[in-house]
Amino acid sequence: SLVKITLIFNDAPLIAFAWVVPFDSFVLACGFIYFYIKNKTKIPLYTLLFFTFIILLFVMSGQNITNFVAYFLGSFNTLSGYSESMQSVGPSSMIYVFLTLSILMLIVLIKSIIQSKDIKTYIFVFISALVLFMAFKNGFVRHDGHALAAYSGLSFVFGLLLIYFSRILELNTIKFSLSIVIVVLTLVASLTVSGYYNGNKQYYTVLSNSILNIKNRFYAIPNLLTRSKIERLNSDYRSSMKNIKKKLDFSDINGTVDIYPWDQSFVIANGLDFRPRPLFQSYSVYTPYLIKKNIQFLKSNRSAKTILFSIKTIDNRAPFMMEGASWLDLMKLYDIVGKRGEFLILKKSKTKKDYHLTEYKKQNIKFGQSVEIDSQKMVYAKIIIKKSFFGEVVNTLFKSPILNIELTFDNGDKKNYRIIPGIASSGFILSPLIANINNFFEFAIGKLNKNKVKSIKLINNWGCCYNDMKIKLYKISTKGFKLYDNQSNNLKKFTFYNDIVSLNSNLKAPFFEIENYDGDTILFSHVGTKFIINGKLFKELSRNNKGIRVYYTIKKEAYTKGNNSEGACFKVFRNHDLVHADCIDPKDNEEDRKIKSFLIENIGKNQKYTFEVVPIKAKSSAYGWSYWKFKENK
């Protein structure tokens, strides 16, 4: 029975592998204790097979066997922080029905369980109750489609209990009938929940579809391993990878790569050398232990040479709740050398950089209390939120309240985000708010963006479960250097190009990109677009007043590697006057494959320069990317 409970529960599709390892280990440990007490036998063979299988999977995934203990501990840590960090709200009726059915089944069986004198029965019931509890937690902590896992577990456990106690129940017609009715109601509830999360379909429709699906799968068994089936699956996989790569091509990146906060499919589709941090999906890095492990890896010589960095959130979390504790280390250890799509491209820096934190405020706080922030400084914060004893009990049996943080900005605007206590205690950049990659870049070069936080307020709508809260605020300063003045050449160029992006905020990927290309930072705009650079920005680049040298061409990948771009026409206007015009077709004209240039002189701060790229009449501009580079004329 223990084997069946363990193996079938593992097959539940919504159970994460990180949950399975510690949970099943506990289940099998209980089984071993039972066998040892009952029969004084050694460890059962299936227990050894289970752990052998887990370790084999670990090694086959490319991991070092010496890291298995660390993985095991990390799995427990991931499990321990789940109830506080990943909880969401769903229909309460599902919980009430689950608990009602569980209590009814317990009432039916309680006398039979008490009268049993066999330790095997007690062990069986205990493990069944544990599985039921885990199903409850898995289904209703993150109360979305996971609820189906709760009812699947409920149906499974009730079925086992009915079989196990069938001989006793058959002696009492009323109890036997009640137990059958409860199991039927459980199955109907499972189908109803499934229908709720699949377009609000009725339970009988879900049942009919499930039977049809099982039938189709049964008839498909003979074709599972046929050559045509395998070829079709491989073809679908290659097509999917090609589509992902077409969306964002990173194939020119060499060396090891990591990606934040997730989207590992881009790394796989581009065939990159993936070197992920220990926990490589930022939304799951929610305890101090897991945060510490990722930062230790980031600081080590094992960390990736290139990082593709973006900022995304789930569940309305504050942006700095997505591994925000590591952002200063990312800025310290890496240079921003380009942007592609939604990602900044970070490369390991050769320049020594450091950040110095000076604590300027520490105080005990309460929910609803406003805490003032020095909005004219870069501010780092640590918020320590401790659960009460009652809160620990609630979190263990169910889930903690969802906490929010209200940010008030200098201009009076307010934003409300979800905050995770385990993450908040490890520290994060509070002001200015870094909400996207442009904010991240501005902060990295020492600029304060407009999201200056004036005050914060913590909100707990449940009003329970936490009692002791403390906030520590630090001023962030650079130590021994100025970020903006001591940037690498690539970072300086990216700064200039990023300012162009800011001027043309309506131009977004995939039409406007900044890339590290052939060892230099280049601005690419798709054929058929235009962008504006003001004279003030050009004057900042041309400090010797000798003008700006503009380089342009068509990206070579647009007319090679099977692509068929037939060039474009480049036009540059000063205010409304044409400064330069040229049409090139590098596909058919070898001379046009050279990078061309022209000089812009006599630049005035109040001038406006418009750069336009248009297709050549009657020629294809497919895959067409124009190449722009701007340099101070020497």
# chains A, B, ... in the order shown; residues from 1 in each chain; ligands from 1
>>> residues_around(residues="A:Gln202", least_positions_apart="6", cutoff="9 Å", atoms="only C-alpha atoms", output="list of chain:residue names")
A:Leu191, A:Thr192, A:Gly195, A:Tyr196
>>> residues_around(residues="stretch 242-251 of chain A", least_positions_apart="6", cutoff="12 Å", atoms="only C-alpha atoms", output="NGL selection string")
:A and (235-236 or 257 or 259 or 263-273 or 306-308 or 338-345 or 509-511 or 513 or 515-517 or 557 or 623)
>>> residues_around(residues="A:Gly324", least_positions_apart="6", cutoff="10 Å", atoms="only C-alpha atoms", output="PDB file with N, CA, C and O atoms, in the first residue's frame")
ATOM      1  N   SER A 282      13.225  32.990 -11.127  1.00  0.00           N
ATOM      2  CA  SER A 282      13.270  33.980 -10.049  1.00  0.00           C
ATOM      3  C   SER A 282      12.045  33.965  -9.154  1.00  0.00           C
ATOM      4  O   SER A 282      12.133  34.317  -7.978  1.00  0.00           O
ATOM      5  N   ILE A 291      17.983  32.639  -1.760  1.00  0.00           N
ATOM      6  CA  ILE A 291      18.577  33.892  -2.240  1.00  0.00           C
ATOM      7  C   ILE A 291      20.085  33.877  -2.037  1.00  0.00           C
ATOM      8  O   ILE A 291      20.861  34.237  -2.926  1.00  0.00           O
ATOM      9  N   ILE A 311      13.039  42.081 -16.450  1.00  0.00           N
ATOM     10  CA  ILE A 311      12.287  42.210 -15.202  1.00  0.00           C
ATOM     11  C   ILE A 311      10.827  41.887 -15.483  1.00  0.00           C
ATOM     12  O   ILE A 311      10.171  42.571 -16.277  1.00  0.00           O
ATOM     13  N   ALA A 318       5.947  43.059  -6.230  1.00  0.00           N
ATOM     14  CA  ALA A 318       6.806  44.206  -6.517  1.00  0.00           C
ATOM     15  C   ALA A 318       7.967  43.726  -7.385  1.00  0.00           C
ATOM     16  O   ALA A 318       8.484  42.623  -7.174  1.00  0.00           O
ATOM     17  N   LEU A 330      24.731  42.171  -9.576  1.00  0.00           N
ATOM     18  CA  LEU A 330      24.712  42.107 -11.039  1.00  0.00           C
ATOM     19  C   LEU A 330      25.350  43.350 -11.645  1.00  0.00           C
ATOM     20  O   LEU A 330      26.163  43.279 -12.568  1.00  0.00           O
ATOM     21  N   ILE A 423      11.761  37.334   1.099  1.00  0.00           N
ATOM     22  CA  ILE A 423      12.574  38.090   0.144  1.00  0.00           C
ATOM     23  C   ILE A 423      12.907  39.464   0.712  1.00  0.00           C
ATOM     24  O   ILE A 423      14.045  39.943   0.602  1.00  0.00           O
ATOM     25  N   ALA A 424      11.907  40.103   1.329  1.00  0.00           N
ATOM     26  CA  ALA A 424      12.093  41.458   1.849  1.00  0.00           C
ATOM     27  C   ALA A 424      13.197  41.524   2.898  1.00  0.00           C
ATOM     28  O   ALA A 424      13.917  42.522   2.987  1.00  0.00           O
ATOM     29  N   SER A 426      15.953  39.928   2.930  1.00  0.00           N
ATOM     30  CA  SER A 426      17.287  39.797   2.328  1.00  0.00           C
ATOM     31  C   SER A 426      17.770  41.087   1.687  1.00  0.00           C
ATOM     32  O   SER A 426      18.943  41.192   1.331  1.00  0.00           O
ATOM     33  N   GLY A 427      16.879  42.068   1.520  1.00  0.00           N
ATOM     34  CA  GLY A 427      17.267  43.368   0.995  1.00  0.00           C
ATOM     35  C   GLY A 427      16.911  43.564  -0.470  1.00  0.00           C
ATOM     36  O   GLY A 427      16.824  42.605  -1.239  1.00  0.00           O
ATOM     37  N   PHE A 428      16.708  44.827  -0.850  1.00  0.00           N
ATOM     38  CA  PHE A 428      16.343  45.175  -2.224  1.00  0.00           C
ATOM     39  C   PHE A 428      16.495  46.682  -2.428  1.00  0.00           C
ATOM     40  O   PHE A 428      16.533  47.455  -1.457  1.00  0.00           O
ATOM     41  N   ILE A 429      16.616  47.098  -3.682  1.00  0.00           N
ATOM     42  CA  ILE A 429      16.670  48.526  -4.021  1.00  0.00           C
ATOM     43  C   ILE A 429      15.255  49.071  -3.951  1.00  0.00           C
ATOM     44  O   ILE A 429      14.392  48.677  -4.734  1.00  0.00           O
ATOM     45  N   LEU A 430      15.020  49.977  -3.002  1.00  0.00           N
ATOM     46  CA  LEU A 430      13.680  50.518  -2.791  1.00  0.00           C
ATOM     47  C   LEU A 430      13.423  51.772  -3.614  1.00  0.00           C
ATOM     48  O   LEU A 430      12.354  51.944  -4.196  1.00  0.00           O
ATOM     49  N   ILE A 434      12.794  50.367  -9.485  1.00  0.00           N
ATOM     50  CA  ILE A 434      13.256  49.791 -10.753  1.00  0.00           C
ATOM     51  C   ILE A 434      12.168  48.844 -11.227  1.00  0.00           C
ATOM     52  O   ILE A 434      12.040  47.715 -10.745  1.00  0.00           O
TER      53      ILE A 434
END
>>> closest_residue(among="A:Thr358, A:Ser502, A:Thr287, A:Asn404", to="A:Asn461", atoms="only C-alpha atoms")
A:Asn404
>>> residues_around(residues="A:Lys555", least_positions_apart="6", cutoff="12 Å", atoms="only C-alpha atoms", output="PyMOL selection string")
chain A and resi 515+517-518+522-527+561+563-568+584-587+592-595+621+623-629
>>> write_last_selection(atoms="N, CA, C and O atoms", output="CSV table (one decimal), in the first residue's frame")
chain,number,residue,atom,x,y,z
A,515,GLU,N,22.4,46.3,-30.0
A,515,GLU,CA,23.0,45.0,-29.9
A,515,GLU,C,24.6,45.2,-29.8
A,515,GLU,O,25.1,46.1,-30.4
A,517,TYR,N,27.5,43.9,-31.5
A,517,TYR,CA,27.6,43.2,-32.8
A,517,TYR,C,29.0,43.4,-33.4
A,517,TYR,O,29.5,44.6,-33.4
A,518,ASP,N,29.6,42.3,-33.7
A,518,ASP,CA,31.0,42.4,-34.2
A,518,ASP,C,31.9,43.1,-33.3
A,518,ASP,O,32.8,43.9,-33.7
A,522,ILE,N,25.9,48.6,-31.5
A,522,ILE,CA,25.3,49.1,-32.7
A,522,ILE,C,23.8,49.3,-32.5
A,522,ILE,O,23.1,48.5,-31.8
A,523,LEU,N,23.2,50.3,-33.1
A,523,LEU,CA,21.8,50.6,-33.1
A,523,LEU,C,21.2,50.0,-34.4
A,523,LEU,O,21.7,50.3,-35.5
A,524,PHE,N,20.2,49.1,-34.3
A,524,PHE,CA,19.5,48.6,-35.5
A,524,PHE,C,18.1,49.1,-35.5
A,524,PHE,O,17.4,49.1,-34.5
A,525,SER,N,17.6,49.5,-36.7
A,525,SER,CA,16.2,49.8,-36.8
A,525,SER,C,15.7,49.1,-38.1
A,525,SER,O,16.5,49.0,-39.1
A,526,HIS,N,14.5,48.5,-38.0
A,526,HIS,CA,14.0,47.8,-39.2
A,526,HIS,C,13.7,48.7,-40.3
A,526,HIS,O,13.3,49.9,-40.1
A,527,VAL,N,13.9,48.2,-41.5
A,527,VAL,CA,13.5,49.0,-42.7
A,527,VAL,C,12.1,49.4,-42.7
A,527,VAL,O,11.2,48.5,-42.4
A,561,LYS,N,22.7,33.8,-45.2
A,561,LYS,CA,22.0,32.7,-44.4
A,561,LYS,C,20.6,32.4,-44.9
A,561,LYS,O,19.7,32.1,-44.2
A,563,ASN,N,18.5,34.6,-46.2
A,563,ASN,CA,17.6,35.7,-46.2
A,563,ASN,C,17.8,36.6,-47.4
A,563,ASN,O,18.8,36.5,-48.0
A,564,ASN,N,16.7,37.3,-47.8
A,564,ASN,CA,16.7,37.9,-49.2
A,564,ASN,C,16.4,39.4,-49.2
A,564,ASN,O,15.8,39.9,-50.1
A,565,SER,N,16.9,40.1,-48.2
A,565,SER,CA,16.7,41.5,-48.2
A,565,SER,C,17.5,42.2,-49.3
A,565,SER,O,18.7,41.9,-49.6
A,566,GLU,N,16.8,43.1,-50.0
A,566,GLU,CA,17.4,43.8,-51.2
A,566,GLU,C,17.8,45.2,-50.9
A,566,GLU,O,17.7,46.1,-51.7
A,567,GLY,N,18.1,45.4,-49.6
A,567,GLY,CA,18.6,46.7,-49.2
A,567,GLY,C,17.5,47.7,-48.8
A,567,GLY,O,16.4,47.4,-48.6
A,568,ALA,N,18.0,49.0,-48.8
A,568,ALA,CA,17.1,50.1,-48.4
A,568,ALA,C,17.7,51.4,-48.7
A,568,ALA,O,18.8,51.5,-49.1
A,584,ILE,N,21.2,51.5,-50.9
A,584,ILE,CA,22.2,50.5,-51.1
A,584,ILE,C,21.5,49.1,-51.2
A,584,ILE,O,20.4,48.9,-50.6
A,585,ASP,N,22.1,48.2,-51.9
A,585,ASP,CA,21.6,46.9,-52.1
A,585,ASP,C,22.7,45.9,-52.0
A,585,ASP,O,23.3,45.4,-53.0
A,586,PRO,N,23.1,45.5,-50.8
A,586,PRO,CA,24.3,44.7,-50.6
A,586,PRO,C,24.1,43.2,-51.1
A,586,PRO,O,25.1,42.5,-51.4
A,587,LYS,N,22.9,42.8,-51.3
A,587,LYS,CA,22.6,41.5,-51.8
A,587,LYS,C,23.1,41.3,-53.3
A,587,LYS,O,23.8,40.3,-53.6
A,592,ASP,N,28.2,47.7,-52.0
A,592,ASP,CA,27.3,48.2,-51.0
A,592,ASP,C,27.4,47.4,-49.7
A,592,ASP,O,26.8,47.7,-48.7
A,593,ARG,N,28.3,46.3,-49.7
A,593,ARG,CA,28.4,45.6,-48.5
A,593,ARG,C,29.4,46.2,-47.5
A,593,ARG,O,29.5,45.8,-46.3
A,594,LYS,N,30.1,47.2,-47.9
A,594,LYS,CA,31.0,48.0,-47.1
A,594,LYS,C,30.2,48.9,-46.2
A,594,LYS,O,29.2,49.5,-46.6
A,595,ILE,N,30.7,49.2,-45.0
A,595,ILE,CA,30.1,50.1,-44.1
A,595,ILE,C,30.3,51.5,-44.6
A,595,ILE,O,31.5,51.9,-44.8
A,621,SER,N,12.2,44.1,-48.8
A,621,SER,CA,12.9,44.6,-47.5
A,621,SER,C,12.7,43.6,-46.4
A,621,SER,O,12.9,43.9,-45.2
A,623,TYR,N,13.4,40.8,-43.8
A,623,TYR,CA,14.5,40.6,-42.9
A,623,TYR,C,15.4,41.8,-42.9
A,623,TYR,O,16.6,41.7,-42.4
A,624,GLY,N,15.0,42.9,-43.3
A,624,GLY,CA,15.8,44.1,-43.4
A,624,GLY,C,16.1,44.8,-42.1
A,624,GLY,O,15.1,45.3,-41.5
A,625,TRP,N,17.3,44.9,-41.7
A,625,TRP,CA,17.7,45.6,-40.5
A,625,TRP,C,18.8,46.6,-40.9
A,625,TRP,O,19.8,46.3,-41.5
A,626,SER,N,18.5,47.9,-40.7
A,626,SER,CA,19.5,48.9,-40.9
A,626,SER,C,20.5,49.0,-39.7
A,626,SER,O,20.1,48.8,-38.6
A,627,TYR,N,21.7,49.3,-40.1
A,627,TYR,CA,22.8,49.4,-39.1
A,627,TYR,C,23.2,50.8,-38.9
A,627,TYR,O,23.5,51.5,-39.9
A,628,TRP,N,23.3,51.3,-37.7
A,628,TRP,CA,23.7,52.7,-37.4
A,628,TRP,C,24.7,52.7,-36.3
A,628,TRP,O,24.6,52.0,-35.3
A,629,LYS,N,25.8,53.5,-36.5
A,629,LYS,CA,26.8,53.7,-35.5
A,629,LYS,C,27.2,55.2,-35.5
A,629,LYS,O,27.3,55.8,-36.6
>>> atom_distance(atom1="atom CA of A:Glu372", atom2="atom CA of A:Glu406")
12.0 Å
>>> atom_distance(atom1="atom CA of A:Ile110", atom2="atom CA of A:Ala189")
23.0 Å
>>> select_by_dssp(residues="stretch 260-457 of chain A", states="helix (DSSP H, G or I)", output="PDB file with C-alpha atoms, in the first residue's frame")
ATOM      1  CA  GLN A 264      15.017  29.408 -20.503  1.00  0.00           C
ATOM      2  CA  SER A 265      13.453  28.388 -23.840  1.00  0.00           C
ATOM      3  CA  PHE A 266      15.343  31.257 -25.523  1.00  0.00           C
ATOM      4  CA  VAL A 267      18.654  29.808 -24.322  1.00  0.00           C
ATOM      5  CA  ILE A 268      17.738  26.276 -25.435  1.00  0.00           C
ATOM      6  CA  ALA A 269      16.337  27.330 -28.831  1.00  0.00           C
ATOM      7  CA  SER A 282      13.270  33.980 -10.049  1.00  0.00           C
ATOM      8  CA  TYR A 283       9.689  33.603  -8.838  1.00  0.00           C
ATOM      9  CA  SER A 284      10.777  30.525  -6.844  1.00  0.00           C
ATOM     10  CA  PRO A 288      16.827  33.784   2.496  1.00  0.00           C
ATOM     11  CA  TYR A 289      18.557  30.409   2.020  1.00  0.00           C
ATOM     12  CA  LEU A 290      17.681  30.225  -1.692  1.00  0.00           C
ATOM     13  CA  ILE A 291      18.577  33.892  -2.240  1.00  0.00           C
ATOM     14  CA  LYS A 292      21.938  33.376  -0.531  1.00  0.00           C
ATOM     15  CA  LYS A 293      22.745  30.329  -2.682  1.00  0.00           C
ATOM     16  CA  ASN A 294      22.026  32.211  -5.923  1.00  0.00           C
ATOM     17  CA  ILE A 295      24.119  35.226  -4.882  1.00  0.00           C
ATOM     18  CA  GLN A 296      27.028  32.997  -3.822  1.00  0.00           C
ATOM     19  CA  PHE A 297      26.948  31.386  -7.258  1.00  0.00           C
ATOM     20  CA  LEU A 298      26.748  34.790  -8.973  1.00  0.00           C
ATOM     21  CA  LYS A 299      29.914  35.901  -7.154  1.00  0.00           C
ATOM     22  CA  PRO A 319       9.506  44.090  -9.239  1.00  0.00           C
ATOM     23  CA  PHE A 320      12.234  44.032  -6.565  1.00  0.00           C
ATOM     24  CA  MET A 321      10.696  40.803  -5.212  1.00  0.00           C
ATOM     25  CA  GLY A 324      16.106  42.061  -6.166  1.00  0.00           C
ATOM     26  CA  ALA A 325      18.687  41.196  -3.508  1.00  0.00           C
ATOM     27  CA  SER A 326      21.126  40.277  -6.295  1.00  0.00           C
ATOM     28  CA  TRP A 327      20.668  43.383  -8.468  1.00  0.00           C
ATOM     29  CA  LEU A 328      23.531  45.377  -6.922  1.00  0.00           C
ATOM     30  CA  ASP A 329      25.810  42.383  -7.410  1.00  0.00           C
ATOM     31  CA  LEU A 330      24.712  42.107 -11.039  1.00  0.00           C
ATOM     32  CA  MET A 331      25.563  45.784 -11.593  1.00  0.00           C
ATOM     33  CA  LYS A 332      28.873  45.357  -9.797  1.00  0.00           C
ATOM     34  CA  LEU A 333      30.025  42.221 -11.611  1.00  0.00           C
ATOM     35  CA  PHE A 389       2.963  31.625  16.856  1.00  0.00           C
ATOM     36  CA  PHE A 390      -0.573  31.631  15.497  1.00  0.00           C
ATOM     37  CA  GLY A 391       0.797  32.710  12.137  1.00  0.00           C
ATOM     38  CA  GLU A 392       3.211  29.766  12.089  1.00  0.00           C
ATOM     39  CA  VAL A 393       0.324  27.396  12.775  1.00  0.00           C
ATOM     40  CA  VAL A 394      -1.842  28.974  10.055  1.00  0.00           C
ATOM     41  CA  ASN A 395       1.031  28.826   7.558  1.00  0.00           C
ATOM     42  CA  THR A 396       1.720  25.162   8.356  1.00  0.00           C
ATOM     43  CA  LEU A 397      -1.906  24.037   8.166  1.00  0.00           C
ATOM     44  CA  PRO A 421       8.552  38.493   3.787  1.00  0.00           C
ATOM     45  CA  GLY A 422      11.362  36.001   3.082  1.00  0.00           C
ATOM     46  CA  ILE A 423      12.574  38.090   0.144  1.00  0.00           C
ATOM     47  CA  ALA A 424      12.093  41.458   1.849  1.00  0.00           C
ATOM     48  CA  ILE A 437      15.052  47.195 -17.761  1.00  0.00           C
ATOM     49  CA  ASN A 438      15.324  50.883 -18.704  1.00  0.00           C
ATOM     50  CA  ASN A 439      15.083  51.795 -15.002  1.00  0.00           C
ATOM     51  CA  PHE A 440      17.673  49.103 -14.252  1.00  0.00           C
ATOM     52  CA  PHE A 441      20.072  50.537 -16.822  1.00  0.00           C
ATOM     53  CA  GLU A 442      19.618  54.122 -15.587  1.00  0.00           C
ATOM     54  CA  PHE A 443      20.346  53.034 -12.030  1.00  0.00           C
ATOM     55  CA  ALA A 444      23.429  51.081 -13.168  1.00  0.00           C
TER      56      ALA A 444
END
>>> select_by_dssp(residues="stretch 459-586 of chain A", states="strand (DSSP E)", output="PyMOL selection string")
chain A and resi 459-460+466-478+512-517+520-526+530-534+548-554+568-574+577-584
>>> write_last_selection(atoms="C-alpha atoms", output="compact mmCIF listing (two decimals), in the first residue's frame")
# COMPACT_ATOMS: atom_id res chain seq x y z
CA ILE A 459 -0.75 46.37 4.36
CA ASN A 460 -2.18 43.14 5.83
CA TYR A 466 2.47 38.75 12.02
CA ASN A 467 3.55 40.79 15.02
CA ASP A 468 7.20 41.88 15.00
CA MET A 469 8.28 44.07 12.05
CA LYS A 470 11.41 46.14 11.54
CA ILE A 471 12.75 48.18 8.63
CA LYS A 472 16.36 49.10 7.89
CA LEU A 473 17.15 51.76 5.29
CA TYR A 474 20.54 52.30 3.66
CA LYS A 475 21.92 54.97 1.35
CA ILE A 476 23.60 53.46 -1.71
CA SER A 477 26.80 55.09 -2.89
CA THR A 478 29.52 54.09 -5.31
CA PHE A 512 14.31 48.93 -32.76
CA GLU A 513 17.27 47.16 -31.14
CA ILE A 514 20.62 47.88 -29.45
CA GLU A 515 23.04 45.00 -29.88
CA ASN A 516 26.63 44.05 -29.22
CA TYR A 517 27.57 43.24 -32.82
CA ASP A 520 30.85 46.97 -31.02
CA THR A 521 27.57 48.43 -29.77
CA ILE A 522 25.26 49.08 -32.72
CA LEU A 523 21.79 50.56 -33.14
CA PHE A 524 19.54 48.57 -35.48
CA SER A 525 16.22 49.77 -36.84
CA HIS A 526 14.01 47.78 -39.15
CA LYS A 530 12.52 56.28 -38.44
CA PHE A 531 13.90 57.77 -35.25
CA ILE A 532 14.90 61.19 -33.94
CA ILE A 533 18.08 62.43 -32.22
CA ASN A 534 18.11 65.94 -30.82
CA ILE A 548 29.49 63.30 -35.49
CA ARG A 549 30.58 60.58 -37.89
CA VAL A 550 27.53 58.46 -38.85
CA TYR A 551 28.12 54.90 -40.09
CA TYR A 552 25.38 52.95 -41.82
CA THR A 553 24.76 49.75 -43.76
CA ILE A 554 22.43 46.75 -43.88
CA ALA A 568 17.05 50.08 -48.36
CA CYS A 569 17.31 53.85 -48.75
CA PHE A 570 18.82 55.89 -45.92
CA LYS A 571 17.68 59.49 -45.43
CA VAL A 572 18.82 61.96 -42.76
CA PHE A 573 17.17 65.34 -42.13
CA ARG A 574 18.33 68.30 -40.01
CA ASP A 577 16.42 69.88 -44.55
CA LEU A 578 17.88 66.78 -46.20
CA VAL A 579 21.43 66.19 -44.94
CA HIS A 580 22.24 62.84 -46.55
CA ALA A 581 20.54 60.27 -48.80
CA ASP A 582 21.77 56.95 -50.13
CA CYS A 583 20.22 53.71 -51.43
CA ILE A 584 22.18 50.47 -51.08
>>> atom_distance(atom1="atom CA of A:Ile384", atom2="atom CA of A:Pro278")
24.5 Å
